[in-house]
Amino acid sequence: MTASSIHPAAHLVLTGVGQRFGAFTALDNVDLTVRRGEFVTLLGPSGSGKTTLLRAIAGLSPPTAGSIQQDGVDVTKISVERRDVGIVFQSYALFPTLSVADNITYGLHGQPRAQRRQRLAEMLDLIGLAAHTHKYPGQLSGGQQQRVALARALAPGPGLLLLDEPLSALDAEVRRDLRGELRRLQRQLGITTLMVTHDQEEALTLSDRIMVLNHGRVEQVGTPADLYERPASLFVAGFIGAMNRLPLEVTSGGNARLGTLVLNLPVPDRAAPGTALSLCIRPEGVELTEPADQAPALSDGALHLPGRIIDSEYQGAQIAQRIALDGLPGLSLSVTGPARGARAPGQPVGVILPLDRLHLFAEGAAA
Amino acid sequence: MTIAPALPPSLAAGTATVPRPGLRSPRPGAVMAILLPLLFLVPALLLPLASVLSKAVQDRAGSYVGLANLTEYLSSPHLAQSLSNSLTLSGLSAGISVALAFLYAYGLTRTRVPGRGFFALVAQLPLLAPSLLPGISLVYLFGNQGWLKGWLGGHSIYGSIGIVMGEVFWTFPHAVMILTAALSLADARLYEAARALKAGPWRRFLTVTLPGVRAGLVSAFVAVFAMVITDFGVPKVIGGNTPLLATDIYKQVIGQQNFQRGAIVALLLLLPALIAFLVDRAMAAKPAAMMGGKAVALVPDRQPWLDRLFFLFCALMAVCLLAIPSTALFASLAKLWPYNLTPGLWHYRFEMMDGGGWDAYANSVRLSALVALFGTLLIFPAAWLVAKGRAPRLLRQVPHALALLPLAVPGLVLGLGYVFFLADPGNPLRVLNGTLTLLVVCTIAHYYSVPHLSAITALRRLSPELEEAGRSLKVPALLTLWRVTLPMALPVVLDMAAYLFMSAMTTVSAVVFLYTPDTMLASLSVLAMDDAGDTAPAAAMAMLIFFTGAALRAAWALMTRGLLRRARRWQTAPAGV
C-alpha cells in the first residue's frame, strides 16, 4: 500500500524520520504529510534540526530512522541524484566559473540543444533576468544571484522544490521584495515547496503550513494562523510573535495561583500541586481601562488586575507600554494598542486579560 | 522588479520536460574510485620503502639476520661521527638560514623597503638549480684558487664551513616562503590596539609579531633541518672528508655495494625526517588564532631608519644570492678559471666528458615534462577523490596518509627502496629497470606531497554546496569536476605542474641510484663531472638547469596569465550593473 493511496493529494510523506550523529540526536521521530502544491516551512532556531530534515528530504544525507515517501515511492535511501527535487542552497552555490545561462542549463545536461535553449528562455523570462544571460555570478547582486539559483533549481522541472534559508543572505529590503516574488512564483507554478528558515516573519507570510522544530522534535504543525492564535506549546508561543508570560503554580485545591491570587482556571488534569504552569497572552490581547480600587478578580470572562504604567514607546501606528502588576513584584506585561488616550508612565491603570485570549501551558520557565 | 507573469505551459508542476534519470547510481563506483590512487601509491611508494626495511634485516646472502646489521653499525665509531656531524651541521645551517630568512621576510612584508618585488624574486633563485650548484660556486669563490679564499682566515672551505654556507643558500628560499606567509598574515587591529595601550615598537614586536609567527618559525626550522640532514648534493661537492649520514648511504651503496649497510643508514636518516614531519604536522594542526574572519590587513608604515637598515640587509643578501649562480656562470664561460678569463662556450660542449652531456640535458627536460604532465594528471584527481569523494571519511584518509608520506622520506631512502624493490627477481615491475619511465614514477612519488597538499587546500576551500548542487541537478560528478571545480582550482593546478617540473629538473637524491647511461640526467651529470674533476663543465651543466628553470618560470608566468584570463573571465570581468 502506498502513501498516495492513503492521501490522494499527498506528495511527500515523512514517517518517524530520525537522524543521529553518534550520540547526538539531531532529529527525533518527525512525521509530516505535504500535499501537492503546498508551501510548507520548516521553522526553528539554529540547531533545531530543520536543515538536517531538509537534507534528509533532499537525499543529501539519508535519515537513520523512519521513511520518506515521495509520490508514493519510498525514497528514504535514494540519494539526491535520483530524487525528483530541485534545491536552492543557502549560499546559492552558483557555479562561479559558469555564466548565468550555463548555470541555469546545468541540470539540462544531455538534452538536445534546442530544448535547452527554449527552457533557458522560459526560465530567464520567469525570473526576469534575460539581460544578464552572459554575466557570471560574481557580477550579479545578491537578489539576482538568488533568482538564478531558483531558476537553476526549477529548470529540470522537479516535482519538489527545497529552499534552504533562501533569503537569509539578503538585505532587509531585497528580502521583502523577493519574499513576495517567491510566493507568487510558487503559486504560479503550483510546485510543492519546502522551505527552511529561522525567520518567523518569513514563515508566516510565505507558508500554507509551518512545522515548528525545536531540539530535533516537532513542536507544532499548522497554518500560520493556527500557530499564532493557538500555539500548542510554550516554545511555539514564545518563538512566533511576542508573548507575555505569567508564571502560575498549581494549588492543593487544583486551582492555579498567580502570586497571591488564586484563580479558578482550567488546570490540566493530573497536575500535581506545586507544578509550575505558564499563562500567556499576546500584547495586543491585553486591554487597559480606568484604574479601579478593587482587588484582582475573575469576572465577566476576564481577569481584572490593577497595575501601573512603567514606560511607553511610541511606534507610530500604535503604542507599546509596559505595565507593572500590583502585588506581583518582578512581573510586567507588554501591551500594544492605539496610541490615542495612552497614559503617562507612573499612572495607575486597570488591566483586563480576557479569558478567551489566554493560553495556559503545562510548562514552567523553559522557554 | 516583478517577475514575468506569463506562465510557460511546460512549467506547470509535475509536467517536467526532463526525462527522469534512470538507475544511474554513483555509489559503488564513487566509493571504489578512492582506491585508484592506491594503484600508484602502493607500488611506487609503500612497497619500495618496505623493501628498505626488509633489506636492513638481511645479510649479504639475503637470509634473515634480525638486528645484527643494526647493532654492528651502531657500534662502529664511524656512525657516531656521522650522526653527530649530521645533527650539528643541520642544526647550525637551519638556525642561520631561518634567522637570515626571518629578517629578509620581515623586510619584504613589514617594512617599506624599496624594490620588495625584486628582492622576493631573487630569494627564489636557489630553487632553480640542484644543491650541487652552491657547492661548485663556493669552491670557485673560496677554494684553493678562489678569489675570496683570504676571507676564511686560513680555514678550508672543504668541510663544515662550506657545507653550512651551501646549505644556507640552498634552503633559503624555502625558509623565506614559509616566513613570508606567516608574516603577511598580520591583523592591523592588534597593532593598533597595542599602540593604543602605549606599547613601544619593541614591545609590539615581542607581544604581537613574534607570537603570531612562532608556528612559522618552528615550521621553517624543522623543514630546513630535514632538508639539510637528507641532502647530499652540497656535502658531496664541498664536504671534503666530513662524514655525514647522507653521504654515507651514497658511499655504502655506490662505492662499496654494501646494500645492507646502506639500508641501515637509510633507516637512521628516516628518523630525523620523520620527527621533523610529525612536529610540523602538530604545528599545522593548531588553528591560527591570529587571523579571524574580520582581520584587517596590515599596511606597514614608513619608518625611515628601519626601512634603510632593512634595505641594506636585503641588498646584502641579494648580492650573496646572486653571487652563487653568477660565479658558476662566469666560471663556466671562462676558458680556464681563474687564470685565463677569455669568454667562450667551451665548457658547454661536454664532448670529452663523462656524464652524458647534451643527451643528459635532453633526458632531463623529457623527464621534467613527463613528471609535470602525468604527476598533475595523477595528483589532482587523487586529491579530488580525497577532498570531495563520496567514499567514507576513514577510507579517504588512506590515500591521504600515503600522499603525505614522501614528506618524511628522504630521496636517498626512496631511491634505495626502488633498487631493492626492483632487484627482486619475482617482481613483474622489473621490466622498468633502466627506463626513463622508472625515473618518472620515482620522481612523481618523491615530490607527491607538496602538490597534493596544495590541491587539497584549494579543494577544501571550495564550498561543498557546489558539489551538492551538481548532484541535485543530476549531473555526473565528473562533469561538475570538469566545468566547475577544475576551473576554480586552475591556478593551483598550474602551480602544481610548475613545481613538479622544477623538482624533476633539479632532483638528484632519489634518482642517483636508478639511472643508467641511457637515462642519464643533467643534474646527475653535474655530479658525475664534478666527481671526475671537470668542475667547469659541471658548472656549465648546472647553469643550463638554472636557465631552463628561469625560462620555464618566465614562460609559465606568461602562459598562465593568458590561460587564466580566458578560464577566469568569471573573476576578472568588470562588475555588471
# chains A, B, ... in the order shown; residues from 1 in each chain; ligands from 1
>>> residues_around(residues="Ser51 (chain B)", least_positions_apart="4", cutoff="7 Å", atoms="only C-alpha atoms", output="VMD selection string")
chain B and resid 47 55 417 420 to 421
>>> write_last_selection(atoms="C-alpha atoms", output="short mmCIF file (atom, residue, chain, number, x, y, z; two decimals), in the first residue's frame")
data_model
loop_
_atom_site.label_atom_id
_atom_site.label_comp_id
_atom_site.auth_asym_id
_atom_site.auth_seq_id
_atom_site.Cartn_x
_atom_site.Cartn_y
_atom_site.Cartn_z
CA LEU B 47 56.46 -1.32 -1.32
CA LYS B 55 66.83 -5.33 3.43
CA GLY B 417 63.95 1.38 -1.84
CA PHE B 420 65.84 -3.18 -3.51
CA PHE B 421 62.24 -3.47 -4.68
#
>>> residues_around(residues="Thr289 (chain A)", least_positions_apart="4", cutoff="10 Å", atoms="only C-alpha atoms", output="PyMOL selection string")
chain A and resi 304+306+348-352
>>> closest_atom_pairs(of="chain A", to="chain B", cutoff="6 Å", atoms="only C-alpha atoms", output="CSV")
residue,atom,partner,partner_atom,distance
A:Val80,CA,B:Ser472,CA,5.3
A:Glu81,CA,B:Lys474,CA,4.7
A:Ala93,CA,B:Leu466,CA,5.1
A:Thr97,CA,B:Trp570,CA,5.6
A:Gly107,CA,B:Leu473,CA,4.5
A:Leu126,CA,B:Ala4,CA,5.4
A:Ile127,CA,B:Ile3,CA,5.5
A:Gly128,CA,B:Ile3,CA,5.5
A:Tyr136,CA,B:Trp570,CA,5.3
A:Gln139,CA,B:Ala575,CA,4.7
A:Pro156,CA,B:Val18,CA,5.8
A:Gly157,CA,B:Ala16,CA,4.4
A:Gly159,CA,B:Gly14,CA,5.4
A:Leu189,CA,B:Ala12,CA,5.2
A:Gly190,CA,B:Ala13,CA,5.6
A:Ile191,CA,B:Ala13,CA,5.1
>>> write_last_selection(atoms="C-alpha atoms", output="JSON list (two decimals), in the first residue's frame")
[["chain", "number", "residue", "atom", "x", "y", "z"],
["A", 80, "VAL", "CA", 19.91, 13.18, -4.40],
["A", 81, "GLU", "CA", 20.95, 12.22, -7.94],
["A", 93, "ALA", "CA", 26.11, 27.58, -4.56],
["A", 97, "THR", "CA", 33.01, 29.58, -13.32],
["A", 107, "GLY", "CA", 20.81, 20.40, -14.93],
["A", 126, "LEU", "CA", 10.31, 33.68, -15.35],
["A", 127, "ILE", "CA", 12.96, 35.35, -13.19],
["A", 128, "GLY", "CA", 13.22, 38.48, -15.31],
["A", 136, "TYR", "CA", 28.97, 35.50, -14.20],
["A", 139, "GLN", "CA", 28.84, 40.19, -11.30],
["A", 156, "PRO", "CA", 14.89, 20.49, -14.89],
["A", 157, "GLY", "CA", 11.23, 20.67, -13.82],
["A", 159, "GLY", "CA", 8.26, 17.94, -8.64],
["A", 189, "LEU", "CA", 3.95, 27.01, -10.86],
["A", 190, "GLY", "CA", 1.95, 25.10, -8.28],
["A", 191, "ILE", "CA", 5.14, 23.35, -7.27]]
>>> select_by_dssp(residues="region 266-468 of chain B", states="alpha helix (DSSP H)", output="ChimeraX atom specification")
/B:266-285,304-333,357-388,393-404,411-423,436-446,449-461,464-468
>>> write_last_selection(atoms="C-alpha atoms", output="compact mmCIF listing (two decimals), in the first residue's frame")
# COMPACT_ATOMS: atom_id res chain seq x y z
CA ALA B 266 68.66 4.94 5.31
CA LEU B 267 66.54 3.92 8.29
CA LEU B 268 68.54 6.20 10.56
CA LEU B 269 68.03 9.04 8.10
CA LEU B 270 64.31 8.34 8.10
CA LEU B 271 64.15 9.14 11.83
CA PRO B 272 65.00 12.86 11.90
CA ALA B 273 62.92 13.47 8.80
CA LEU B 274 60.02 11.62 10.41
CA ILE B 275 60.35 13.62 13.64
CA ALA B 276 60.53 16.86 11.66
CA PHE B 277 57.44 15.80 9.75
CA LEU B 278 55.49 14.99 12.91
CA VAL B 279 56.46 18.25 14.62
CA ASP B 280 55.36 20.16 11.54
CA ARG B 281 52.04 18.31 11.37
CA ALA B 282 51.42 19.01 15.04
CA MET B 283 52.09 22.71 14.47
CA ALA B 284 49.87 22.79 11.40
CA ALA B 285 47.03 21.16 13.32
CA PRO B 304 62.92 55.89 7.59
CA TRP B 305 65.71 54.38 9.69
CA LEU B 306 64.30 50.90 9.91
CA ASP B 307 63.50 50.89 6.20
CA ARG B 308 67.07 51.93 5.39
CA LEU B 309 68.51 49.27 7.67
CA PHE B 310 66.37 46.56 6.13
CA PHE B 311 67.16 47.77 2.65
CA LEU B 312 70.87 47.38 3.39
CA PHE B 313 70.31 43.90 4.75
CA CYS B 314 68.14 42.76 1.87
CA ALA B 315 70.58 44.22 -0.66
CA LEU B 316 73.46 42.38 1.00
CA MET B 317 71.53 39.12 0.94
CA ALA B 318 70.58 39.70 -2.68
CA VAL B 319 74.27 40.18 -3.58
CA CYS B 320 75.11 36.88 -1.90
CA LEU B 321 72.17 35.11 -3.57
CA LEU B 322 73.21 36.45 -6.96
CA ALA B 323 76.90 35.75 -6.37
CA ILE B 324 76.45 31.98 -6.26
CA PRO B 325 74.88 31.44 -9.70
CA SER B 326 76.92 34.29 -11.20
CA THR B 327 80.16 32.66 -10.11
CA ALA B 328 79.15 29.38 -11.67
CA LEU B 329 78.12 31.24 -14.81
CA PHE B 330 81.42 33.13 -15.16
CA ALA B 331 83.44 30.06 -14.32
CA SER B 332 81.60 28.05 -16.94
CA LEU B 333 82.19 30.74 -19.56
CA GLY B 357 76.35 15.92 -21.94
CA TRP B 358 73.52 17.28 -24.02
CA ASP B 359 71.78 13.89 -24.12
CA ALA B 360 71.52 14.04 -20.37
CA TYR B 361 70.09 17.52 -20.63
CA ALA B 362 67.50 16.34 -23.17
CA ASN B 363 66.63 13.44 -20.87
CA SER B 364 66.12 15.88 -18.00
CA VAL B 365 63.75 18.06 -20.00
CA ARG B 366 61.80 15.00 -21.11
CA LEU B 367 61.68 13.66 -17.58
CA SER B 368 60.51 17.01 -16.22
CA ALA B 369 57.79 17.40 -18.84
CA LEU B 370 56.53 13.87 -18.23
CA VAL B 371 56.63 14.29 -14.47
CA ALA B 372 54.76 17.59 -14.69
CA LEU B 373 52.14 16.16 -17.04
CA PHE B 374 51.49 12.77 -15.50
CA GLY B 375 52.12 13.97 -11.96
CA THR B 376 49.44 16.63 -12.25
CA LEU B 377 47.05 14.27 -14.03
CA LEU B 378 47.51 11.81 -11.22
CA ILE B 379 47.76 14.01 -8.14
CA PHE B 380 44.90 16.43 -8.75
CA PRO B 381 42.19 13.82 -9.39
CA ALA B 382 43.51 11.77 -6.47
CA ALA B 383 43.34 14.83 -4.22
CA TRP B 384 39.82 15.48 -5.51
CA LEU B 385 38.80 11.96 -4.50
CA VAL B 386 40.27 12.55 -1.05
CA ALA B 387 38.75 16.01 -0.54
CA LYS B 388 35.45 15.67 -2.38
CA ARG B 393 35.87 9.57 5.57
CA LEU B 394 38.06 6.88 7.06
CA LEU B 395 38.62 5.26 3.68
CA ARG B 396 39.61 8.62 2.18
CA GLN B 397 42.28 9.03 4.86
CA VAL B 398 44.23 6.07 3.45
CA PRO B 399 45.43 7.67 0.20
CA HIS B 400 45.80 10.98 2.06
CA ALA B 401 48.19 9.50 4.61
CA LEU B 402 50.16 7.77 1.87
CA ALA B 403 50.34 11.02 -0.10
CA LEU B 404 51.91 12.78 2.89
CA GLY B 411 65.01 10.98 -1.62
CA LEU B 412 68.04 8.80 -0.98
CA VAL B 413 65.93 6.39 1.06
CA LEU B 414 63.22 6.26 -1.59
CA GLY B 415 65.76 5.68 -4.36
CA LEU B 416 67.38 2.90 -2.40
CA GLY B 417 63.95 1.38 -1.84
CA TYR B 418 63.43 1.26 -5.61
CA VAL B 419 66.77 -0.51 -6.04
CA PHE B 420 65.84 -3.18 -3.51
CA PHE B 421 62.24 -3.47 -4.68
CA LEU B 422 63.17 -3.94 -8.32
CA ALA B 423 66.08 -6.26 -7.58
CA LEU B 436 63.01 6.68 -18.12
CA THR B 437 59.54 5.57 -17.03
CA LEU B 438 61.06 4.34 -13.80
CA LEU B 439 62.65 7.75 -13.18
CA VAL B 440 59.30 9.42 -13.92
CA VAL B 441 57.46 7.19 -11.45
CA CYS B 442 60.11 7.62 -8.78
CA THR B 443 60.21 11.40 -9.18
CA ILE B 444 56.43 11.74 -9.01
CA ALA B 445 56.40 9.63 -5.84
CA HIS B 446 59.31 11.63 -4.40
CA SER B 449 53.21 15.55 -1.10
CA VAL B 450 53.52 19.26 -1.83
CA PRO B 451 51.24 19.36 -4.91
CA HIS B 452 48.85 17.00 -3.14
CA LEU B 453 48.63 19.36 -0.18
CA SER B 454 48.11 22.43 -2.35
CA ALA B 455 45.35 20.65 -4.24
CA ILE B 456 43.67 19.52 -1.02
CA THR B 457 43.86 23.02 0.44
CA ALA B 458 42.43 24.57 -2.70
CA LEU B 459 39.64 22.00 -2.95
CA ARG B 460 38.67 22.26 0.71
CA ARG B 461 38.31 25.99 0.30
CA PRO B 464 30.73 21.55 -0.56
CA GLU B 465 27.40 23.04 -1.66
CA LEU B 466 28.79 23.35 -5.20
CA GLU B 467 29.13 19.57 -5.48
CA GLU B 468 25.77 19.08 -3.81
>>> atom_distance(atom1="CA of Val212 (chain A)", atom2="CA of Leu43 (chain A)")
4.8 Å
>>> residues_around(residues="region 153-162 of chain B", least_positions_apart="3", cutoff="10 Å", atoms="only C-alpha atoms", output="PyMOL selection string")
chain B and resi 85+88-89+92-93+134-135+138-139+141-144+146+149-150+165-168+234-235+237-243
>>> write_last_selection(atoms="C-alpha atoms", output="mmCIF file, in the first residue's frame")
data_model
loop_
_atom_site.group_PDB
_atom_site.id
_atom_site.type_symbol
_atom_site.label_atom_id
_atom_site.label_comp_id
_atom_site.auth_asym_id
_atom_site.auth_seq_id
_atom_site.Cartn_x
_atom_site.Cartn_y
_atom_site.Cartn_z
ATOM 1 C CA ASN B 85 78.179 15.786 12.268
ATOM 2 C CA THR B 88 75.221 19.702 14.383
ATOM 3 C CA LEU B 89 75.648 20.851 10.806
ATOM 4 C CA LEU B 92 73.599 25.125 12.511
ATOM 5 C CA SER B 93 72.500 25.507 8.882
ATOM 6 C CA PRO B 134 76.154 26.204 -4.435
ATOM 7 C CA GLY B 135 78.880 23.650 -3.702
ATOM 8 C CA LEU B 138 81.669 28.055 -3.240
ATOM 9 C CA VAL B 139 84.653 26.052 -4.415
ATOM 10 C CA LEU B 141 84.931 31.525 -4.612
ATOM 11 C CA PHE B 142 86.677 30.127 -1.548
ATOM 12 C CA GLY B 143 88.518 27.057 -2.831
ATOM 13 C CA ASN B 144 92.270 26.704 -3.235
ATOM 14 C CA GLY B 146 89.320 31.091 -5.031
ATOM 15 C CA LYS B 149 89.981 32.469 -0.055
ATOM 16 C CA GLY B 150 91.515 35.013 2.309
ATOM 17 C CA MET B 165 77.272 28.048 3.569
ATOM 18 C CA GLY B 166 75.976 25.884 0.735
ATOM 19 C CA GLU B 167 73.021 24.571 2.702
ATOM 20 C CA VAL B 168 72.016 28.033 3.889
ATOM 21 C CA VAL B 234 76.230 20.116 -1.069
ATOM 22 C CA PRO B 235 78.379 17.809 1.096
ATOM 23 C CA VAL B 237 80.818 18.568 -3.682
ATOM 24 C CA ILE B 238 82.261 20.557 -0.831
ATOM 25 C CA GLY B 239 82.138 18.305 2.223
ATOM 26 C CA GLY B 240 85.703 17.067 1.898
ATOM 27 C CA ASN B 241 86.177 14.193 4.279
ATOM 28 C CA THR B 242 83.450 15.205 6.714
ATOM 29 C CA PRO B 243 81.425 12.041 7.343
#
>>> residues_around(residues="Val100 (chain A)", least_positions_apart="2", cutoff="12 Å", atoms="only C-alpha atoms", output="VMD selection string")
(chain A and resid 94 to 98 102 to 106 120 to 121 123 to 124 127 129 to 140 144 to 152) or (chain B and resid 570)
>>> residues_around(residues="region 46-56 of chain A", least_positions_apart="3", cutoff="8 Å", atoms="only C-alpha atoms", output="list of chain:residue names")
A:Gln19, A:Ala26, A:Leu27, A:Leu42, A:Leu43, A:Gly59, A:Leu60, A:Ser61, A:Pro62, A:Pro63, A:Thr76, A:Leu162, A:Asp164, A:Leu194, A:Val196, A:Thr197, A:His198, A:Leu213, A:Asn214, A:His215, A:Gly216, A:Arg217
>>> write_last_selection(atoms="N, CA and C atoms", output="mmCIF file, in the first residue's frame")
data_model
loop_
_atom_site.group_PDB
_atom_site.id
_atom_site.type_symbol
_atom_site.label_atom_id
_atom_site.label_comp_id
_atom_site.auth_asym_id
_atom_site.auth_seq_id
_atom_site.Cartn_x
_atom_site.Cartn_y
_atom_site.Cartn_z
ATOM 1 N N GLN A 19 17.345 11.283 12.870
ATOM 2 C CA GLN A 19 18.731 11.405 12.418
ATOM 3 C C GLN A 19 19.634 11.478 13.641
ATOM 4 N N ALA A 26 19.809 14.538 16.213
ATOM 5 C CA ALA A 26 19.526 15.804 15.525
ATOM 6 C C ALA A 26 18.050 15.905 15.160
ATOM 7 N N LEU A 27 17.433 14.744 14.938
ATOM 8 C CA LEU A 27 16.017 14.711 14.557
ATOM 9 C C LEU A 27 15.390 13.519 15.244
ATOM 10 N N LEU A 42 9.759 24.779 7.291
ATOM 11 C CA LEU A 42 10.344 24.187 8.487
ATOM 12 C C LEU A 42 10.976 25.324 9.265
ATOM 13 N N LEU A 43 10.378 25.639 10.422
ATOM 14 C CA LEU A 43 10.809 26.808 11.184
ATOM 15 C C LEU A 43 11.399 26.365 12.514
ATOM 16 N N GLY A 59 17.814 14.025 0.077
ATOM 17 C CA GLY A 59 18.640 12.870 -0.271
ATOM 18 C C GLY A 59 20.119 13.191 -0.177
ATOM 19 N N LEU A 60 20.437 14.293 0.487
ATOM 20 C CA LEU A 60 21.854 14.646 0.653
ATOM 21 C C LEU A 60 22.468 13.888 1.822
ATOM 22 N N SER A 61 21.698 13.674 2.886
ATOM 23 C CA SER A 61 22.176 12.788 3.954
ATOM 24 C C SER A 61 20.975 12.004 4.463
ATOM 25 N N PRO A 62 20.933 10.717 4.113
ATOM 26 C CA PRO A 62 19.756 9.894 4.437
ATOM 27 C C PRO A 62 19.552 9.801 5.943
ATOM 28 N N PRO A 63 18.272 9.744 6.394
ATOM 29 C CA PRO A 63 17.996 9.673 7.826
ATOM 30 C C PRO A 63 18.397 8.315 8.379
ATOM 31 N N THR A 76 13.639 6.843 0.881
ATOM 32 C CA THR A 76 14.464 7.108 2.067
ATOM 33 C C THR A 76 15.958 6.978 1.790
ATOM 34 N N LEU A 162 13.056 22.520 -2.864
ATOM 35 C CA LEU A 162 13.556 22.656 -1.497
ATOM 36 C C LEU A 162 14.361 23.940 -1.383
ATOM 37 N N ASP A 164 16.673 26.236 1.156
ATOM 38 C CA ASP A 164 17.397 26.279 2.424
ATOM 39 C C ASP A 164 17.718 27.729 2.762
ATOM 40 N N LEU A 194 9.203 23.094 -0.005
ATOM 41 C CA LEU A 194 9.585 23.032 1.398
ATOM 42 C C LEU A 194 10.685 24.054 1.621
ATOM 43 N N VAL A 196 13.259 26.023 4.512
ATOM 44 C CA VAL A 196 13.820 26.085 5.861
ATOM 45 C C VAL A 196 14.088 27.538 6.187
ATOM 46 N N THR A 197 13.691 27.959 7.375
ATOM 47 C CA THR A 197 14.045 29.315 7.783
ATOM 48 C C THR A 197 14.038 29.409 9.306
ATOM 49 N N HIS A 198 14.758 30.406 9.803
ATOM 50 C CA HIS A 198 14.681 30.675 11.246
ATOM 51 C C HIS A 198 13.923 31.983 11.481
ATOM 52 N N LEU A 213 10.126 23.319 14.659
ATOM 53 C CA LEU A 213 11.028 22.324 15.217
ATOM 54 C C LEU A 213 11.831 22.944 16.349
ATOM 55 N N ASN A 214 12.104 22.115 17.360
ATOM 56 C CA ASN A 214 12.952 22.561 18.458
ATOM 57 C C ASN A 214 13.696 21.347 18.997
ATOM 58 N N HIS A 215 15.016 21.447 19.106
ATOM 59 C CA HIS A 215 15.835 20.328 19.573
ATOM 60 C C HIS A 215 15.514 19.042 18.829
ATOM 61 N N GLY A 216 15.276 19.123 17.538
ATOM 62 C CA GLY A 216 15.054 17.935 16.734
ATOM 63 C C GLY A 216 13.664 17.342 16.848
ATOM 64 N N ARG A 217 12.783 18.000 17.603
ATOM 65 C CA ARG A 217 11.427 17.465 17.746
ATOM 66 C C ARG A 217 10.426 18.435 17.121
#
>>> closest_residue(among="A:Asn29, A:Ser334, A:Gln90, A:Ser168", to="Ala242 (chain A)", atoms="only C-alpha atoms")
A:Ser334
>>> atom_distance(atom1="CA of Leu79 (chain B)", atom2="CA of Gly233 (chain B)")
19.9 Å
>>> residues_around(residues="Gln318 (chain A)", least_positions_apart="6", cutoff="10 Å", atoms="only C-alpha atoms", output="MDAnalysis selection string")
chainID A and resid 336:340 342
>>> residues_around(residues="Ser252 (chain A)", least_positions_apart="5", cutoff="9 Å", atoms="only C-alpha atoms", output="PyMOL selection string")
chain A and resi 272-274
>>> write_last_selection(atoms="N, CA and C atoms", output="PDB file, in the first residue's frame")
ATOM      1  N   ALA A 272       0.040  17.880  39.533  1.00  0.00           N
ATOM      2  CA  ALA A 272       0.235  17.776  40.981  1.00  0.00           C
ATOM      3  C   ALA A 272       0.365  19.167  41.578  1.00  0.00           C
ATOM      4  N   PRO A 273      -0.076  19.338  42.833  1.00  0.00           N
ATOM      5  CA  PRO A 273       0.105  20.632  43.488  1.00  0.00           C
ATOM      6  C   PRO A 273       1.575  21.032  43.463  1.00  0.00           C
ATOM      7  N   GLY A 274       1.817  22.299  43.234  1.00  0.00           N
ATOM      8  CA  GLY A 274       3.192  22.785  43.172  1.00  0.00           C
ATOM      9  C   GLY A 274       3.750  22.809  41.770  1.00  0.00           C
TER      10      GLY A 274
END
>>> closest_residue(among="A:Arg119, A:Arg20, A:Arg322, A:His359", to="Arg245 (chain A)", atoms="only C-alpha atoms")
A:His359
>>> select_by_dssp(residues="region 78-291 of chain A", states="strand (DSSP E or B)", output="PyMOL selection string")
chain A and resi 85-89+92+160-164+192-197+209-214+217-222+244-250+256-258+261-263+276-281+287-289
>>> atom_distance(atom1="CA of Ala68 (chain B)", atom2="CA of Phe225 (chain B)")
29.7 Å
>>> decode(residues="region 25-39 of chain A", atoms="N, CA and C atoms", output="JSON list (two decimals), in the first residue's frame")
[["chain", "number", "residue", "atom", "x", "y", "z"],
["A", 25, "THR", "N", 21.25, 13.30, 18.94],
["A", 25, "THR", "CA", 20.03, 13.12, 18.16],
["A", 25, "THR", "C", 19.65, 14.45, 17.52],
["A", 26, "ALA", "N", 19.81, 14.54, 16.21],
["A", 26, "ALA", "CA", 19.53, 15.80, 15.52],
["A", 26, "ALA", "C", 18.05, 15.91, 15.16],
["A", 27, "LEU", "N", 17.43, 14.74, 14.94],
["A", 27, "LEU", "CA", 16.02, 14.71, 14.56],
["A", 27, "LEU", "C", 15.39, 13.52, 15.24],
["A", 28, "ASP", "N", 14.19, 13.71, 15.78],
["A", 28, "ASP", "CA", 13.58, 12.64, 16.53],
["A", 28, "ASP", "C", 12.14, 12.45, 16.07],
["A", 29, "ASN", "N", 11.88, 11.35, 15.39],
["A", 29, "ASN", "CA", 10.51, 10.92, 15.13],
["A", 29, "ASN", "C", 9.65, 12.00, 14.48],
["A", 30, "VAL", "N", 10.04, 12.46, 13.32],
["A", 30, "VAL", "CA", 9.31, 13.54, 12.65],
["A", 30, "VAL", "C", 8.31, 12.94, 11.66],
["A", 31, "ASP", "N", 7.06, 13.33, 11.82],
["A", 31, "ASP", "CA", 6.01, 12.94, 10.87],
["A", 31, "ASP", "C", 5.52, 14.19, 10.14],
["A", 32, "LEU", "N", 5.30, 14.05, 8.86],
["A", 32, "LEU", "CA", 4.77, 15.20, 8.11],
["A", 32, "LEU", "C", 4.18, 14.70, 6.80],
["A", 33, "THR", "N", 3.03, 15.23, 6.44],
["A", 33, "THR", "CA", 2.46, 14.95, 5.13],
["A", 33, "THR", "C", 2.30, 16.26, 4.39],
["A", 34, "VAL", "N", 2.89, 16.35, 3.21],
["A", 34, "VAL", "CA", 2.82, 17.58, 2.42],
["A", 34, "VAL", "C", 1.95, 17.31, 1.21],
["A", 35, "ARG", "N", 0.92, 18.15, 1.02],
["A", 35, "ARG", "CA", 0.04, 17.96, -0.13],
["A", 35, "ARG", "C", 0.69, 18.53, -1.38],
["A", 36, "ARG", "N", 0.24, 18.03, -2.53],
["A", 36, "ARG", "CA", 0.75, 18.52, -3.80],
["A", 36, "ARG", "C", 0.48, 20.02, -3.92],
["A", 37, "GLY", "N", 1.50, 20.77, -4.26],
["A", 37, "GLY", "CA", 1.33, 22.19, -4.49],
["A", 37, "GLY", "C", 1.39, 23.03, -3.23],
["A", 38, "GLU", "N", 1.59, 22.37, -2.10],
["A", 38, "GLU", "CA", 1.59, 23.09, -0.84],
["A", 38, "GLU", "C", 2.95, 23.75, -0.58],
["A", 39, "PHE", "N", 2.94, 24.85, 0.17],
["A", 39, "PHE", "CA", 4.18, 25.53, 0.59],
["A", 39, "PHE", "C", 4.31, 25.31, 2.09]]
